[in-house]
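Chemist: File protein.txt follows (compact mmCIF, C-alpha atoms):
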```txt
# COMPACT_ATOMS: atom_id res chain seq x y z
CA MET A 1039 -20.57 -31.08 -15.35
CA THR A 1040 -17.18 -30.56 -13.76
CA ALA A 1041 -16.67 -27.11 -12.28
CA LYS A 1042 -13.92 -25.08 -13.88
CA ARG A 1043 -10.86 -24.91 -11.71
CA VAL A 1044 -9.66 -21.42 -10.94
CA ARG A 1045 -5.98 -20.80 -10.53
CA PRO A 1046 -5.63 -19.40 -7.00
CA ARG A 1047 -3.52 -16.36 -6.34
CA PRO A 1048 -2.24 -15.42 -2.90
CA ARG A 1049 -2.88 -12.12 -1.23
CA PRO A 1050 -0.25 -9.44 -1.78
CA PRO A 1051 2.92 -10.34 0.16
CA ALA A 1052 3.74 -8.43 3.32
CA ALA A 1053 6.61 -6.64 1.57
CA LEU A 1054 4.26 -5.20 -1.03
CA CYS A 1055 1.74 -4.21 1.64
CA ASP A 1056 4.53 -2.33 3.41
CA GLU A 1057 5.55 -0.69 0.15
CA ALA A 1058 2.03 0.24 -0.93
CA GLY A 1059 -0.14 0.01 2.16
CA ASP A 1060 -2.93 2.18 3.50
CA ASP A 1061 -0.64 5.14 4.18
CA PHE A 1062 0.52 5.12 0.58
CA TRP A 1063 -2.93 5.28 -1.00
CA GLY A 1064 -4.26 7.89 1.41
CA PRO A 1065 -7.62 8.43 3.12
CA GLU A 1066 -9.50 9.26 -0.08
CA TYR A 1067 -9.94 5.53 -0.70
CA PRO A 1068 -11.77 3.21 1.74
CA PRO A 1069 -9.87 0.19 3.13
CA VAL A 1070 -11.26 -2.27 0.57
CA ALA A 1071 -10.30 -0.02 -2.34
CA ARG A 1072 -6.79 0.34 -0.93
CA CYS A 1073 -6.46 -3.42 -0.71
CA LEU A 1074 -7.62 -3.74 -4.32
CA LEU A 1075 -5.06 -1.15 -5.45
CA THR A 1076 -2.28 -3.01 -3.64
CA SER A 1077 -3.40 -6.26 -5.24
CA SER A 1078 -3.54 -4.54 -8.64
CA VAL A 1079 0.03 -3.31 -8.24
CA GLY A 1080 1.24 -6.83 -7.47
CA CYS A 1081 -0.67 -8.35 -10.39
CA PHE A 1082 0.33 -5.69 -12.92
CA ALA A 1083 3.99 -5.89 -11.88
CA GLU A 1084 4.05 -9.69 -12.05
CA GLN A 1085 1.89 -10.38 -15.09
CA GLY A 1086 1.46 -7.09 -16.90
CA PHE A 1087 -1.76 -5.13 -17.26
CA GLU A 1088 -3.16 -7.01 -20.25
CA ALA A 1089 -2.63 -10.47 -18.76
CA THR A 1090 -4.16 -9.53 -15.40
CA THR A 1091 -7.85 -10.28 -14.91
CA THR A 1092 -10.28 -8.76 -12.46
CA ARG A 1093 -10.43 -12.23 -10.92
CA ASP A 1094 -6.69 -12.06 -10.26
CA ILE A 1095 -7.08 -8.67 -8.57
CA GLY A 1096 -10.05 -9.75 -6.47
CA THR A 1097 -8.42 -13.02 -5.42
CA GLY A 1098 -5.20 -11.20 -4.53
CA ALA A 1099 -7.21 -8.97 -2.23
CA GLY A 1100 -9.15 -11.89 -0.78
CA LEU A 1101 -12.35 -10.65 -2.44
CA SER A 1102 -14.73 -11.68 -5.20
CA THR A 1103 -14.10 -11.23 -8.91
CA ALA A 1104 -16.60 -8.37 -9.09
CA ALA A 1105 -15.17 -6.51 -6.08
CA LEU A 1106 -13.06 -4.24 -8.27
CA TYR A 1107 -16.14 -2.79 -10.00
CA VAL A 1108 -17.60 -1.64 -6.70
CA HIS A 1109 -14.76 0.88 -6.36
CA PHE A 1110 -13.41 1.36 -9.91
CA PRO A 1111 -15.35 1.48 -13.18
CA SER A 1112 -12.74 -0.67 -14.90
CA LYS A 1113 -9.34 -2.31 -14.55
CA GLU A 1114 -7.88 0.63 -16.45
CA ASP A 1115 -9.33 3.06 -13.91
CA ALA A 1116 -7.52 1.16 -11.15
CA LEU A 1117 -4.29 1.49 -13.13
CA PHE A 1118 -4.94 5.20 -13.61
CA ALA A 1119 -5.46 5.63 -9.86
CA ILE A 1120 -2.13 3.86 -9.23
CA MET A 1121 -0.44 6.16 -11.73
CA GLN A 1122 -1.98 9.31 -10.24
CA ILE A 1123 -1.10 8.46 -6.66
CA GLY A 1124 2.32 7.08 -7.52
CA HIS A 1125 3.39 10.23 -9.33
CA GLN A 1126 1.92 12.44 -6.61
CA ARG A 1127 3.87 10.56 -3.96
CA LEU A 1128 7.03 11.04 -6.02
CA ILE A 1129 6.43 14.79 -6.22
CA GLU A 1130 5.98 14.86 -2.44
CA ALA A 1131 9.22 12.89 -1.99
CA LEU A 1132 11.14 15.42 -4.10
CA GLY A 1133 10.35 18.00 -1.43
CA PRO A 1134 10.13 21.82 -1.46
CA PRO A 1135 12.27 22.33 -4.59
CA ALA A 1136 9.65 20.43 -6.60
CA LEU A 1137 6.80 22.45 -5.13
CA HIS A 1138 8.35 25.92 -4.99
CA ASN A 1139 11.21 25.71 -7.53
CA GLY A 1140 13.77 26.24 -4.76
CA THR A 1141 14.79 29.67 -6.04
CA ASP A 1142 15.92 30.80 -2.60
CA ARG A 1143 18.30 27.89 -2.09
CA ASP A 1144 21.84 27.09 -3.16
CA PRO A 1145 21.58 25.31 -6.56
CA VAL A 1146 23.80 22.43 -5.44
CA ASP A 1147 21.73 21.77 -2.32
CA ALA A 1148 18.47 22.07 -4.27
CA LEU A 1149 19.54 19.55 -6.91
CA SER A 1150 20.96 17.19 -4.28
CA ASP A 1151 17.59 17.12 -2.54
CA LEU A 1152 15.87 16.34 -5.83
CA VAL A 1153 18.27 13.51 -6.67
CA ARG A 1154 18.02 12.00 -3.19
CA GLY A 1155 14.25 12.26 -3.26
CA LEU A 1156 14.07 10.65 -6.70
CA VAL A 1157 16.32 7.75 -5.72
CA CYS A 1158 14.80 7.18 -2.28
CA TRP A 1159 11.26 7.10 -3.63
CA HIS A 1160 12.03 4.61 -6.39
CA ALA A 1161 13.99 2.45 -3.96
CA ARG A 1162 11.25 2.47 -1.32
CA HIS A 1163 8.44 1.81 -3.82
CA PRO A 1164 10.05 -0.22 -6.63
CA THR A 1165 6.95 -2.26 -7.47
CA VAL A 1166 4.62 0.73 -7.70
CA ALA A 1167 7.25 2.65 -9.65
CA ARG A 1168 7.71 -0.27 -12.04
CA VAL A 1169 4.00 -0.27 -12.83
CA CYS A 1170 4.07 3.51 -13.28
CA GLN A 1171 6.96 3.21 -15.74
CA TYR A 1172 6.06 0.12 -17.72
CA GLU A 1173 2.27 0.32 -18.03
CA LEU A 1174 1.81 3.84 -19.41
CA LYS A 1175 0.83 2.37 -22.77
CA SER A 1176 -2.11 0.59 -21.12
CA LEU A 1177 -3.86 3.85 -20.20
CA THR A 1178 -6.60 5.37 -22.31
CA LEU A 1179 -5.46 8.30 -24.43
CA GLU A 1180 -7.07 10.82 -22.07
CA HIS A 1181 -5.50 9.28 -18.98
CA TYR A 1182 -2.17 8.87 -20.76
CA ARG A 1183 -2.05 12.57 -21.60
CA GLU A 1184 -2.84 13.52 -18.01
CA ILE A 1185 -0.04 11.39 -16.58
CA VAL A 1186 2.42 12.53 -19.25
CA ALA A 1187 1.68 16.14 -18.25
CA VAL A 1188 2.52 15.31 -14.63
CA ARG A 1189 5.73 13.59 -15.70
CA LYS A 1190 6.68 16.62 -17.79
CA GLY A 1191 6.26 18.76 -14.68
CA ILE A 1192 8.69 16.53 -12.80
CA THR A 1193 11.19 16.71 -15.66
CA ASP A 1194 10.82 20.50 -15.79
CA THR A 1195 11.65 20.68 -12.08
CA PHE A 1196 14.97 18.93 -12.67
CA ARG A 1197 15.61 21.02 -15.77
CA PHE A 1198 15.05 24.21 -13.77
CA ALA A 1199 17.41 23.03 -11.01
CA VAL A 1200 20.20 22.13 -13.43
CA SER A 1201 19.72 25.37 -15.39
CA ARG A 1202 20.02 27.43 -12.19
CA GLY A 1203 23.27 25.71 -11.29
CA ARG A 1204 24.69 26.27 -14.75
CA ALA A 1205 23.67 29.94 -14.74
CA ALA A 1206 25.36 30.37 -11.36
CA GLY A 1207 28.56 28.80 -12.69
CA GLN A 1208 28.30 25.86 -10.29
CA PHE A 1209 27.48 23.14 -12.85
CA ASP A 1210 29.63 22.35 -15.88
CA VAL A 1211 26.85 21.48 -18.33
CA ASP A 1212 26.75 21.71 -22.13
CA ASP A 1213 23.24 20.35 -22.73
CA VAL A 1214 20.76 20.67 -19.85
CA ASN A 1215 18.18 18.39 -21.45
CA GLN A 1216 20.67 15.56 -21.91
CA VAL A 1217 21.88 15.84 -18.33
CA VAL A 1218 18.33 15.82 -16.97
CA ARG A 1219 17.49 12.71 -18.98
CA VAL A 1220 20.53 10.95 -17.51
CA ILE A 1221 19.68 11.96 -13.93
CA ILE A 1222 16.07 10.82 -14.15
CA SER A 1223 16.99 7.65 -16.04
CA ILE A 1224 19.44 6.41 -13.43
CA GLY A 1225 16.87 6.99 -10.70
CA VAL A 1226 14.07 5.27 -12.58
CA ASP A 1227 16.31 2.32 -13.52
CA LEU A 1228 16.24 1.27 -9.87
CA VAL A 1229 12.82 -0.30 -10.46
CA ARG A 1230 14.47 -2.87 -12.73
CA TRP A 1231 16.82 -4.36 -10.15
CA TYR A 1232 16.50 -2.88 -6.65
CA ARG A 1233 15.18 -4.98 -3.78
CA LEU A 1234 14.24 -3.56 -0.40
CA ASP A 1235 15.82 -6.57 1.30
CA GLY A 1236 19.13 -6.01 -0.54
CA PRO A 1237 22.40 -4.82 1.01
CA ASP A 1238 21.90 -1.08 0.39
CA SER A 1239 19.18 0.98 2.03
CA PRO A 1240 17.34 3.64 0.01
CA GLU A 1241 19.16 6.32 2.01
CA THR A 1242 22.59 4.81 1.31
CA LEU A 1243 21.81 4.48 -2.36
CA SER A 1244 20.56 8.08 -2.55
CA GLU A 1245 23.87 9.32 -1.14
CA VAL A 1246 25.84 7.34 -3.70
CA TYR A 1247 23.72 8.60 -6.59
CA ASP A 1248 23.85 12.17 -5.31
CA LYS A 1249 27.67 12.10 -5.30
CA LEU A 1250 27.73 10.58 -8.79
CA VAL A 1251 25.41 13.23 -10.19
CA LEU A 1252 27.31 16.13 -8.63
CA ARG A 1253 30.59 14.70 -9.89
CA MET A 1254 29.07 14.41 -13.37
CA LEU A 1255 28.14 18.10 -13.16
CA GLY A 1256 31.66 19.09 -12.17
CA VAL A 1257 30.90 20.07 -8.59
CA PRO A 1258 34.12 19.91 -6.50
```
Starting from the file, lay out its structure as structure tokens.

Modeler:
Amino acid sequence: MTAKRVRPRPRPPAALCDEAGDDFWGPEYPPVARCLLTSSVGCFAEQGFEATTTRDIGTGAGLSTAALYVHFPSKEDALFAIMQIGHQRLIEALGPPALHNGTDRDPVDALSDLVRGLVCWHARHPTVARVCQYELKSLTLEHYREIVAVRKGITDTFRFAVSRGRAAGQFDVDDVNQVVRVIISIGVDLVRWYRLDGPDSPETLSEVYDKLVLRMLGVP
């Protein structure tokens, strides 16, 4: 009987390992689990969650098909871990205004930091961010609700910052919710087209987006 041929998949490319390496996942996961998460990100981004098999993830990490189950109960649990860590890293990138509401800071400076953090994070981690944006529907209902609650917290942070600026007379805003949706949307849209090896660095792009947002809000 002829053995079934398995389609080989390479290990995650160096660029993805730089984008979502050990430092990204944190010390709570052992090295093998981190490698599996990085492989999962690459597979989910390239093929989608449903089309990715545990064999794909294991092969991408240079491990056996069953390696994933040693560290994660299921493929969906690996996706949930990616979502949890990805959103937590975004919150950290947004800085003090996201953690402490920034009530003691100038509203313009506080919002600028949020916009720059949003843009820089999505530009530095476009593959992880793409999975976080496009695979929400693949989570279980319980996990979906947990991630949606985190995302609502991020949206509320921007809503608070824009509301403060409007109340202080520094932002010309008719509908805060509409403006917040626009700000977050243009940052998230980076995952669709941005490449780390492109002409603009994350820092350069964050400056451009910051100026656009402040101009949209009527800041001189």

Chemist: Could you check the closest approach to Phe1110 in chain A for each of A:Leu1179, A:Val1229, A:Ala1131, A:Val1070 and tell me which residue wins, using all atoms listed in the file?

Modeler: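 Under the stated criterion, the closest residue is A:Val1070.
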
Chemist: Which polymer residues, protein or nucleic acid, are no farther than 12 Å from (16.6, 13.2, -16.8), counting all atoms listed in the file, as a PyMOL selection string?

Modeler: chain A and resi 1152-1153+1156+1189-1200+1213-1227+1251

Chemist: Write out as a PDB file with C-alpha atoms, in the frame of the given file each polymer residue whose atoms come within 7 Å of range 1113-1122 of chain A, counting all atoms listed in the file; drop sequence neighbours fewer than 3 positions from it.

Modeler:
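The resulting part_24.pdb:
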```
ATOM      1  CA  LEU A1075      -5.060  -1.150  -5.450  1.00  0.00           C
ATOM      2  CA  THR A1092     -10.280  -8.760 -12.460  1.00  0.00           C
ATOM      3  CA  PHE A1110     -13.410   1.360  -9.910  1.00  0.00           C
ATOM      4  CA  HIS A1125       3.390  10.230  -9.330  1.00  0.00           C
ATOM      5  CA  GLN A1126       1.920  12.440  -6.610  1.00  0.00           C
ATOM      6  CA  CYS A1170       4.070   3.510 -13.280  1.00  0.00           C
ATOM      7  CA  LEU A1177      -3.860   3.850 -20.200  1.00  0.00           C
ATOM      8  CA  HIS A1181      -5.500   9.280 -18.980  1.00  0.00           C
ATOM      9  CA  ILE A1185      -0.040  11.390 -16.580  1.00  0.00           C
TER      10      ILE A1185
END
```

Chemist: Quote the spacing between CA of Leu1074 in chain A and CA of Ile1095 in chain A in Å to one decimal place.

Modeler: 6.5 Å

Chemist: Quote the spacing between CA of Ile1129 in chain A and CA of Arg1168 in chain A in Å to one decimal place.

Modeler: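 Result for CA of Ile1129 in chain A versus CA of Arg1168 in chain A: 16.2 Å, one decimal.
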
Chemist: Could you check how far CA of His1109 in chain A sits from CA of Lys1175 in chain A, in Å to one decimal?

Modeler: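 Separation between CA of His1109 in chain A and CA of Lys1175 in chain A: 22.7 Å.
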
Chemist: Would you kindly return, as a ChimeraX atom specification, each protein, DNA or RNA residue with an atom no farther than 8 Å from any atom of Arg1093 in chain A, considering all atoms listed in the file and excluding same-chain residues fewer than 6 positions away?

Modeler: /A:1102-1104

Chemist: Please, could you write that set of residues out with C-alpha atoms as a tab-separated table (two decimals), keeping the file's coordinate frame?

Modeler:
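So the final result, stored in out02.tsv, reads:
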```tsv
chain	number	residue	atom	x	y	z
A	1102	SER	CA	-14.73	-11.68	-5.20
A	1103	THR	CA	-14.10	-11.23	-8.91
A	1104	ALA	CA	-16.60	-8.37	-9.09
```

Chemist: Can you work out which one of A:Thr1165, A:Thr1091, A:Ser1176, A:Gln1085 has the shortest atom-to-atom distance to Leu1228 in chain A, counting all atoms listed in the file?

Modeler: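 Closest residue, counting all atoms listed in the file: A:Thr1165.
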
Chemist: Go through A:Val1257, A:Ala1167, A:Ala1206, A:Ala1083 one by one, measure the shortest atom-to-atom distance of each to Ile1123 in chain A using only C-alpha atoms, and give the residue with the smallest value.

Modeler: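 When distances to Ile1123 in chain A are compared using only C-alpha atoms, the smallest one comes from A:Ala1167.
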